[in-house]
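What's in input24.cif: mmCIF, C-alpha atoms
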data_structure
loop_
_atom_site.label_atom_id
_atom_site.label_comp_id
_atom_site.auth_asym_id
_atom_site.auth_seq_id
_atom_site.Cartn_x
_atom_site.Cartn_y
_atom_site.Cartn_z
CA LEU F 1 20.84 -247.90 -200.90
CA PHE F 2 22.27 -244.59 -202.14
CA ARG F 3 25.04 -244.70 -204.72
CA GLY F 4 27.17 -242.04 -206.38
CA SER F 5 29.43 -241.82 -209.40
CA GLY F 6 32.96 -240.50 -209.02
CA THR F 7 34.53 -240.69 -212.46
CA SER F 8 33.48 -243.83 -214.30
CA ALA F 9 31.61 -246.13 -211.91
CA PHE F 10 28.94 -246.01 -209.25
CA ALA F 11 29.86 -246.85 -205.65
CA ASP F 12 27.87 -247.28 -202.44
CA ALA F 13 27.62 -244.07 -200.41
CA ALA F 14 24.86 -244.60 -197.82
CA ALA F 15 21.95 -246.86 -196.92
CA ILE F 16 18.87 -247.06 -194.72
CA ARG F 17 17.77 -250.59 -193.95
CA ALA F 18 14.84 -252.15 -192.12
CA HIS F 19 15.22 -255.51 -190.36
CA VAL F 20 13.23 -257.92 -188.29
CA ASP F 21 14.75 -257.42 -184.84
CA THR F 22 15.38 -261.06 -183.99
CA GLY F 23 17.58 -260.02 -181.06
CA THR F 24 14.41 -259.73 -178.99
CA GLY F 25 13.15 -263.20 -179.85
CA THR F 26 11.54 -265.10 -182.70
CA ALA F 27 9.03 -263.12 -184.77
CA GLY F 28 5.58 -264.57 -185.39
CA ASN F 29 1.95 -263.74 -186.09
CA SER F 30 1.09 -260.33 -184.59
CA ASP F 31 4.68 -260.19 -183.30
CA MET F 32 7.02 -258.43 -185.69
CA PRO F 33 9.75 -256.46 -183.86
CA GLY F 34 11.65 -254.22 -186.24
CA ARG F 35 14.74 -252.04 -186.31
CA LEU F 36 16.13 -249.35 -188.57
CA THR F 37 19.82 -249.04 -189.36
CA PHE F 38 21.67 -246.16 -191.00
CA TRP F 39 24.89 -246.74 -192.94
CA THR F 40 27.50 -244.48 -194.56
CA SER F 41 30.79 -244.94 -196.39
CA LYS F 42 33.81 -243.08 -195.00
CA HIS F 43 36.03 -240.80 -197.06
CA GLY F 44 38.45 -242.88 -199.12
CA GLY F 45 36.18 -245.93 -199.17
CA SER F 46 33.09 -247.30 -200.88
CA THR F 47 31.87 -249.83 -198.32
CA VAL F 48 28.96 -248.70 -196.17
CA ILE F 49 29.32 -249.21 -192.40
CA GLU F 50 26.50 -249.17 -189.87
CA ARG F 51 26.56 -245.85 -187.97
CA LEU F 52 23.21 -245.69 -186.17
CA ARG F 53 20.52 -248.14 -185.08
CA ILE F 54 17.02 -247.77 -183.68
CA ASP F 55 15.94 -251.11 -182.26
CA SER F 56 12.47 -252.51 -181.60
CA GLY F 57 12.54 -251.21 -178.03
CA GLY F 58 13.15 -247.64 -179.18
CA ASN F 59 16.79 -247.64 -178.07
CA LEU F 60 19.19 -245.48 -180.11
CA ASP F 61 22.51 -247.29 -180.64
CA ILE F 62 25.75 -245.88 -182.07
CA PRO F 63 27.91 -248.93 -182.84
CA PHE F 64 31.70 -248.90 -183.06
CA ALA F 65 32.75 -249.03 -186.68
CA ASP F 66 35.87 -251.08 -185.97
CA ASN F 67 37.64 -253.04 -183.26
CA VAL F 68 40.48 -250.63 -182.46
CA VAL F 69 41.28 -248.18 -179.67
CA GLY F 70 40.96 -244.42 -179.94
CA LEU F 71 38.33 -241.79 -180.67
CA LYS F 72 35.02 -243.18 -181.84
CA GLN F 73 31.92 -241.50 -183.16
CA LYS F 74 30.98 -238.02 -181.96
CA ILE F 75 27.66 -236.39 -181.28
CA ARG F 76 28.60 -232.99 -182.70
CA PHE F 77 27.05 -229.60 -182.15
CA VAL F 78 27.71 -227.36 -185.15
CA THR F 79 27.09 -223.84 -186.39
CA GLU F 80 24.33 -222.90 -188.82
CA ASP F 81 23.66 -224.35 -192.27
CA SER F 82 26.41 -223.77 -194.89
CA TYR F 83 29.09 -223.71 -192.16
CA PHE F 84 28.57 -226.75 -189.92
CA ASP F 85 31.66 -225.96 -187.84
CA GLU F 86 32.04 -228.04 -184.69
CA VAL F 87 31.64 -225.99 -181.49
CA ALA F 88 30.96 -228.79 -178.97
CA TYR F 89 30.79 -232.57 -178.88
CA ILE F 90 30.11 -235.69 -176.84
CA SER F 91 32.26 -238.63 -177.83
CA ALA F 92 33.25 -242.17 -176.91
CA VAL F 93 36.95 -243.04 -176.64
CA ARG F 94 37.82 -246.73 -176.51
CA THR F 95 40.93 -247.28 -174.39
CA ALA F 96 41.60 -251.01 -174.97
CA ILE F 97 40.49 -253.90 -177.18
CA SER F 98 39.79 -256.50 -174.48
CA ASN F 99 36.39 -255.97 -172.79
CA ALA F 100 35.99 -252.67 -174.73
CA PRO F 101 36.57 -250.18 -171.88
CA THR F 102 35.28 -246.84 -173.15
CA ASP F 103 35.53 -243.30 -171.77
CA LEU F 104 32.83 -240.68 -172.32
CA VAL F 105 34.31 -237.31 -173.33
CA PHE F 106 32.76 -233.83 -173.46
CA GLY F 107 34.37 -231.05 -175.50
CA THR F 108 33.70 -227.36 -176.15
CA GLY F 109 35.50 -224.48 -177.80
CA PRO F 110 34.82 -221.36 -179.84
CA LEU F 111 35.97 -220.85 -183.40
CA ASP F 112 39.08 -218.71 -183.79
CA ASN F 113 39.13 -215.45 -185.77
CA SER F 114 39.76 -217.38 -188.98
CA GLY F 115 36.82 -219.71 -188.43
CA ASN F 116 38.95 -222.71 -187.52
CA VAL F 117 37.53 -225.29 -185.13
CA ASN F 118 39.15 -225.24 -181.68
CA THR F 119 37.07 -227.68 -179.69
CA GLU F 120 38.99 -229.24 -176.83
CA GLU F 121 38.24 -231.94 -174.30
CA ARG F 122 36.87 -230.43 -171.08
CA LEU F 123 35.55 -233.36 -169.06
CA ARG F 124 36.03 -237.13 -169.16
CA ILE F 125 34.23 -239.95 -167.39
CA VAL F 126 36.53 -242.96 -167.60
CA SER F 127 35.25 -246.50 -167.90
CA GLY F 128 35.95 -247.14 -164.19
CA GLY F 129 33.73 -244.22 -163.14
CA ASN F 130 36.33 -241.59 -162.18
CA ILE F 131 35.72 -238.08 -163.50
CA GLY F 132 38.47 -235.82 -164.82
CA ILE F 133 38.28 -232.09 -165.62
CA GLY F 134 41.34 -230.94 -167.54
CA ILE F 135 42.94 -234.39 -167.25
CA THR F 136 42.48 -237.60 -169.26
CA ASN F 137 43.58 -240.12 -166.62
CA PRO F 138 41.92 -239.10 -163.32
CA ASP F 139 43.20 -241.13 -160.38
CA GLY F 140 40.51 -239.95 -157.95
CA LEU F 141 36.71 -240.05 -158.00
CA LEU F 142 36.95 -236.42 -159.15
CA THR F 143 40.24 -234.94 -160.38
CA ILE F 144 40.55 -231.30 -161.50
CA LYS F 145 43.64 -229.95 -163.25
CA GLY F 146 44.19 -226.46 -164.61
CA ASP F 147 45.94 -223.12 -164.19
CA SER F 148 44.24 -222.15 -160.93
CA ASP F 149 44.96 -219.53 -158.28
CA ALA F 150 43.43 -218.56 -154.95
CA THR F 151 41.34 -215.60 -156.19
CA THR F 152 40.43 -215.11 -159.86
CA THR F 153 40.47 -218.74 -161.06
CA PRO F 154 40.16 -221.15 -158.14
CA SER F 155 39.87 -224.89 -158.72
CA ILE F 156 36.38 -224.93 -157.16
CA ARG F 157 34.16 -221.92 -156.45
CA LEU F 158 31.15 -222.38 -154.17
CA LEU F 159 28.03 -220.22 -153.79
CA ASP F 160 25.02 -220.72 -151.51
CA GLY F 161 21.68 -220.35 -153.25
CA SER F 162 20.88 -216.72 -154.07
CA ASP F 163 23.71 -215.44 -151.82
CA SER F 164 26.44 -213.96 -154.04
CA ARG F 165 29.23 -214.28 -151.47
CA GLU F 166 31.77 -216.89 -152.47
CA VAL F 167 34.18 -219.40 -150.98
CA SER F 168 36.78 -221.34 -152.95
CA ILE F 169 39.19 -224.25 -152.85
CA SER F 170 42.42 -224.17 -154.88
CA ASN F 171 45.66 -225.99 -155.52
CA GLN F 172 48.27 -223.29 -156.09
CA SER F 173 51.70 -224.71 -156.95
CA GLY F 174 50.99 -227.75 -154.77
CA ASP F 175 49.65 -225.77 -151.79
CA PHE F 176 46.04 -226.24 -150.63
CA ILE F 177 44.11 -222.99 -150.08
CA ALA F 178 40.54 -222.63 -148.75
CA SER F 179 39.43 -218.99 -149.02
CA VAL F 180 36.43 -216.74 -148.33
CA HIS F 181 35.86 -213.94 -150.85
CA GLY F 182 32.64 -212.04 -150.18
CA THR F 183 31.41 -210.56 -153.46
CA ASP F 184 34.53 -208.74 -154.69
CA ASN F 185 36.60 -211.76 -155.78
CA ALA F 186 39.36 -210.84 -153.32
CA ALA F 187 40.49 -213.13 -150.51
CA HIS F 188 39.06 -211.90 -147.18
CA GLY F 189 40.72 -214.76 -145.34
CA HIS F 190 42.16 -218.18 -145.98
CA ILE F 191 43.64 -221.33 -144.54
CA LYS F 192 46.71 -222.47 -146.46
CA LEU F 193 48.37 -225.86 -146.11
CA PHE F 194 51.76 -225.78 -147.78
CA GLU F 195 53.03 -228.83 -149.62
CA GLY F 196 56.06 -228.68 -147.32
CA GLY F 197 53.87 -229.04 -144.21
CA GLN F 198 53.53 -225.46 -142.93
CA ILE F 199 50.05 -224.11 -142.10
CA ASP F 200 48.94 -220.45 -142.38
CA LEU F 201 45.80 -218.71 -141.17
CA ASN F 202 45.12 -215.30 -142.75
CA ASN F 203 42.32 -212.78 -142.37
CA GLY F 204 41.59 -209.13 -143.14
CA GLY F 205 37.90 -209.00 -143.97
CA ALA F 206 36.39 -206.89 -146.72
CA SER F 207 39.51 -204.72 -146.88
CA GLY F 208 41.10 -207.53 -148.85
CA SER F 209 44.37 -207.14 -146.96
CA ASN F 210 44.38 -210.86 -146.07
CA VAL F 211 47.18 -210.66 -143.49
CA ASN F 212 48.84 -213.69 -141.95
CA ARG F 213 47.76 -214.01 -138.29
CA LEU F 214 48.91 -217.48 -137.33
CA ARG F 215 51.55 -219.83 -138.67
CA ILE F 216 52.40 -223.36 -137.62
CA PHE F 217 55.86 -224.44 -138.73
CA THR F 218 56.81 -227.99 -139.59
CA ASP F 219 58.75 -228.37 -136.32
CA GLY F 220 55.61 -227.55 -134.28
CA GLN F 221 56.44 -223.93 -133.44
CA VAL F 222 53.47 -221.57 -133.55
CA GLN F 223 53.76 -217.90 -134.54
CA VAL F 224 50.90 -215.48 -133.79
CA SER F 225 50.95 -211.97 -135.26
CA ALA F 226 49.42 -209.04 -133.38
CA ALA F 227 46.70 -207.19 -135.27
CA ASN F 228 47.59 -203.79 -136.79
CA THR F 229 51.26 -204.09 -135.75
CA SER F 230 54.45 -205.59 -137.09
CA THR F 231 55.06 -207.52 -133.88
CA HIS F 232 54.42 -211.20 -133.18
CA PHE F 233 55.17 -213.82 -130.60
CA SER F 234 56.05 -217.45 -130.98
CA VAL F 235 55.18 -220.56 -128.98
CA GLY F 236 57.19 -223.76 -129.08
#
Go ahead and express the file in the form of C-alpha cells.
Amino acid sequence: LFRGSGTSAFADAAAIRAHVDTGTGTAGNSDMPGRLTFWTSKHGGSTVIERLRIDSGGNLDIPFADNVVGLKQKIRFVTEDSYFDEVAYISAVRTAISNAPTDLVFGTGPLDNSGNVNTEERLRIVSGGNIGIGITNPDGLLTIKGDSDATTTPSIRLLDGSDSREVSISNQSGDFIASVHGTDNAAHGHIKLFEGGQIDLNNGGASGSNVNRLRIFTDGQVQVSAANTSTHFSVG
C-alpha cells in the first residue's frame, strides 16, 4: 500500500496486492493459483479502486470502477516523458446498466499549436457488433459518415495490390457515386444514382472531362449524348 500526506494526514494513494486466485477453483498442495491487482485513488478521493488485474491464467483484466454508463478506462498512447499528452486511445464506453453493453472506441488526434490534446473518436464497434466510422450509433454492419466527395475525399477508396490506379465509392449529398480515377485523383468516369431516382453514366478517360453520356430519368426516359458534340437523343 502506498500512502501520501496532503496537509496533516496520510491517505491511501495506490496499492499492489497479491491474492490466491480462488476463481479458478480451490487451492491446495502444489496448486496455488495467484493473481496480481493494481489499485489507485482518483483525484478528489482517498479510497483505492482496482484498476488492473493479472489473473492466474495470464489474462489482463481492466475492471469497471463503478456501475454507471459512460466512458470507462482508456488505454492511452502519450507523448514522451515530461509531457505525457494523449495522442491516441482505445477505450470502453458502457451504454447501459442492465447486462453491461459496452462499445469499443478508437481515437486519434494531433496536438494543436498550443500543445492542447485534440484526440477524437474515429471508430466505434458497438456491443451488437456494428462498426461505425465517424458515427457513434451505426445502424448497419458498417456505417461511414463524414464530409466526403467523389474525388479528393471519397467515402471508400479502393486499390488493387501494387497497382496505383484507384476506384472509389462516395455518398455526396445523398447521391451514390461509384468512380474510376486512374492515378491522378480525378474522375475518369462514374455511375451516379441520385437520391431522387435519376441515374447518370459519365466517362471521359484520362482527360478528366468526365462528361455525361447517358441519363435515365425517373419516368423511364433515356437520354444518350453523342460524343464530342452538344447533341443528344432521347428514348421513351
Could you tell me, as an mmCIF file with C-alpha atoms, in the frame of the given file, which residues have any atom at most 10 Å from (32.5, -236.6, -173.7), counting only C-alpha atoms?
data_model
loop_
_atom_site.group_PDB
_atom_site.id
_atom_site.type_symbol
_atom_site.label_atom_id
_atom_site.label_comp_id
_atom_site.auth_asym_id
_atom_site.auth_seq_id
_atom_site.Cartn_x
_atom_site.Cartn_y
_atom_site.Cartn_z
ATOM 1 C CA LYS F 74 30.980 -238.020 -181.960
ATOM 2 C CA ILE F 75 27.660 -236.390 -181.280
ATOM 3 C CA ALA F 88 30.960 -228.790 -178.970
ATOM 4 C CA TYR F 89 30.790 -232.570 -178.880
ATOM 5 C CA ILE F 90 30.110 -235.690 -176.840
ATOM 6 C CA SER F 91 32.260 -238.630 -177.830
ATOM 7 C CA ALA F 92 33.250 -242.170 -176.910
ATOM 8 C CA VAL F 93 36.950 -243.040 -176.640
ATOM 9 C CA ASP F 103 35.530 -243.300 -171.770
ATOM 10 C CA LEU F 104 32.830 -240.680 -172.320
ATOM 11 C CA VAL F 105 34.310 -237.310 -173.330
ATOM 12 C CA PHE F 106 32.760 -233.830 -173.460
ATOM 13 C CA GLY F 107 34.370 -231.050 -175.500
ATOM 14 C CA THR F 108 33.700 -227.360 -176.150
ATOM 15 C CA GLU F 121 38.240 -231.940 -174.300
ATOM 16 C CA ARG F 122 36.870 -230.430 -171.080
ATOM 17 C CA LEU F 123 35.550 -233.360 -169.060
ATOM 18 C CA ARG F 124 36.030 -237.130 -169.160
ATOM 19 C CA ILE F 125 34.230 -239.950 -167.390
ATOM 20 C CA VAL F 126 36.530 -242.960 -167.600
#
Subject >> Exercise: Arg165 (chain F) partners within 12 Å, all atoms listed in the file, chain neighbours under 6 positions left out, as a PyMOL selection string >> reply: chain F and resi 157-159+179-188+206
Subject >> Closest of F:Val78, F:Ala150, F:Val20, F:Ala11 to Thr47 (chain F) - atom-to-atom distances counting all atoms listed in the file >> reply: F:Ala11
Original post:
Counting only C-alpha atoms, what is within 6 Å of region 31-35 of chain F, bar same-chain residues fewer than 4 positions away, as a PyMOL selection string?
Top reply: chain F and resi 18-21+27+54-56
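Comparing the minimum interatomic distances between Ile144 (chain F) and each of F:Leu214, F:Ile169, F:Ile49, F:Glu120, counting all atoms listed in the file, we find that F:Ile169 sits nearest.
Put simply, the PyMOL selection byres ((chain F and resi 153-155) around 8) on this file hits F:Ile144, F:Lys145, F:Gly146, F:Asp147, F:Ser148, F:Asp149, F:Ala150, F:Thr151, F:Thr152, F:Ile156, F:Arg157, F:Ser168, F:Ile169, F:Ser170, F:Asn171.
Relative to CA of Asn137 (chain F), CA of Arg94 (chain F) is found at 13.2 Å.
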Original post:
Quick one: distance from CA of Gly45 (chain F) to CA of Ala13 (chain F) in Å, one decimal?
Top reply: 8.8 Å
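When you apply the PyMOL selection byres ((chain F and resi 176) around 9) to this structure, what comes back is Ile169, Ser170, Asn171, Gln172, Ser173, Gly174, Asp175, Ile177, Ala178, Ile191, Lys192, Leu193, Phe194 and Glu195 of chain F.
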Those residues with C-alpha atoms, as a compact mmCIF listing (two decimals), in the coordinates of the input please?
# COMPACT_ATOMS: atom_id res chain seq x y z
CA ILE F 169 39.19 -224.25 -152.85
CA SER F 170 42.42 -224.17 -154.88
CA ASN F 171 45.66 -225.99 -155.52
CA GLN F 172 48.27 -223.29 -156.09
CA SER F 173 51.70 -224.71 -156.95
CA GLY F 174 50.99 -227.75 -154.77
CA ASP F 175 49.65 -225.77 -151.79
CA ILE F 177 44.11 -222.99 -150.08
CA ALA F 178 40.54 -222.63 -148.75
CA ILE F 191 43.64 -221.33 -144.54
CA LYS F 192 46.71 -222.47 -146.46
CA LEU F 193 48.37 -225.86 -146.11
CA PHE F 194 51.76 -225.78 -147.78
CA GLU F 195 53.03 -228.83 -149.62
Residues selected by the PyMOL selection byres ((chain F and resi 42) around 12), written as an mmCIF file with C-alpha atoms, keeping the file's coordinate frame:
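New file out23.cif:
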data_model
loop_
_atom_site.group_PDB
_atom_site.id
_atom_site.type_symbol
_atom_site.label_atom_id
_atom_site.label_comp_id
_atom_site.auth_asym_id
_atom_site.auth_seq_id
_atom_site.Cartn_x
_atom_site.Cartn_y
_atom_site.Cartn_z
ATOM 1 C CA ALA F 11 29.860 -246.850 -205.650
ATOM 2 C CA ASP F 12 27.870 -247.280 -202.440
ATOM 3 C CA ALA F 13 27.620 -244.070 -200.410
ATOM 4 C CA ALA F 14 24.860 -244.600 -197.820
ATOM 5 C CA TRP F 39 24.890 -246.740 -192.940
ATOM 6 C CA THR F 40 27.500 -244.480 -194.560
ATOM 7 C CA SER F 41 30.790 -244.940 -196.390
ATOM 8 C CA HIS F 43 36.030 -240.800 -197.060
ATOM 9 C CA GLY F 44 38.450 -242.880 -199.120
ATOM 10 C CA GLY F 45 36.180 -245.930 -199.170
ATOM 11 C CA SER F 46 33.090 -247.300 -200.880
ATOM 12 C CA THR F 47 31.870 -249.830 -198.320
ATOM 13 C CA VAL F 48 28.960 -248.700 -196.170
ATOM 14 C CA ILE F 49 29.320 -249.210 -192.400
ATOM 15 C CA GLU F 50 26.500 -249.170 -189.870
ATOM 16 C CA ARG F 51 26.560 -245.850 -187.970
ATOM 17 C CA ALA F 65 32.750 -249.030 -186.680
#
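Closest approach to Lys72 (chain F) from the set F:Leu1, F:Ala9, F:Ala100, F:Ile16 is made by F:Ala100, with distances taken over all atoms listed in the file.
As for CA of Ile199 (chain F) and CA of Thr143 (chain F), they are spaced 23.4 Å apart.
In terms of minimum interatomic distance to Ala96 (chain F), F:Ser127 ranks closest within F:Asn116, F:Thr79, F:Ser5, F:Ser127, counting only C-alpha atoms.
Shortest atom-to-atom contact with Val68 (chain F) among F:Gly134, F:Pro101, F:Gly196, F:Gly161: F:Pro101, counting all atoms listed in the file.
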Original post:
Using all atoms listed in the file, which residues sit within 12 Å of Asp112 (chain F) once same-chain residues fewer than 6 positions away are excluded, as a ChimeraX atom specification?
Top reply: /F:85-87,118-119
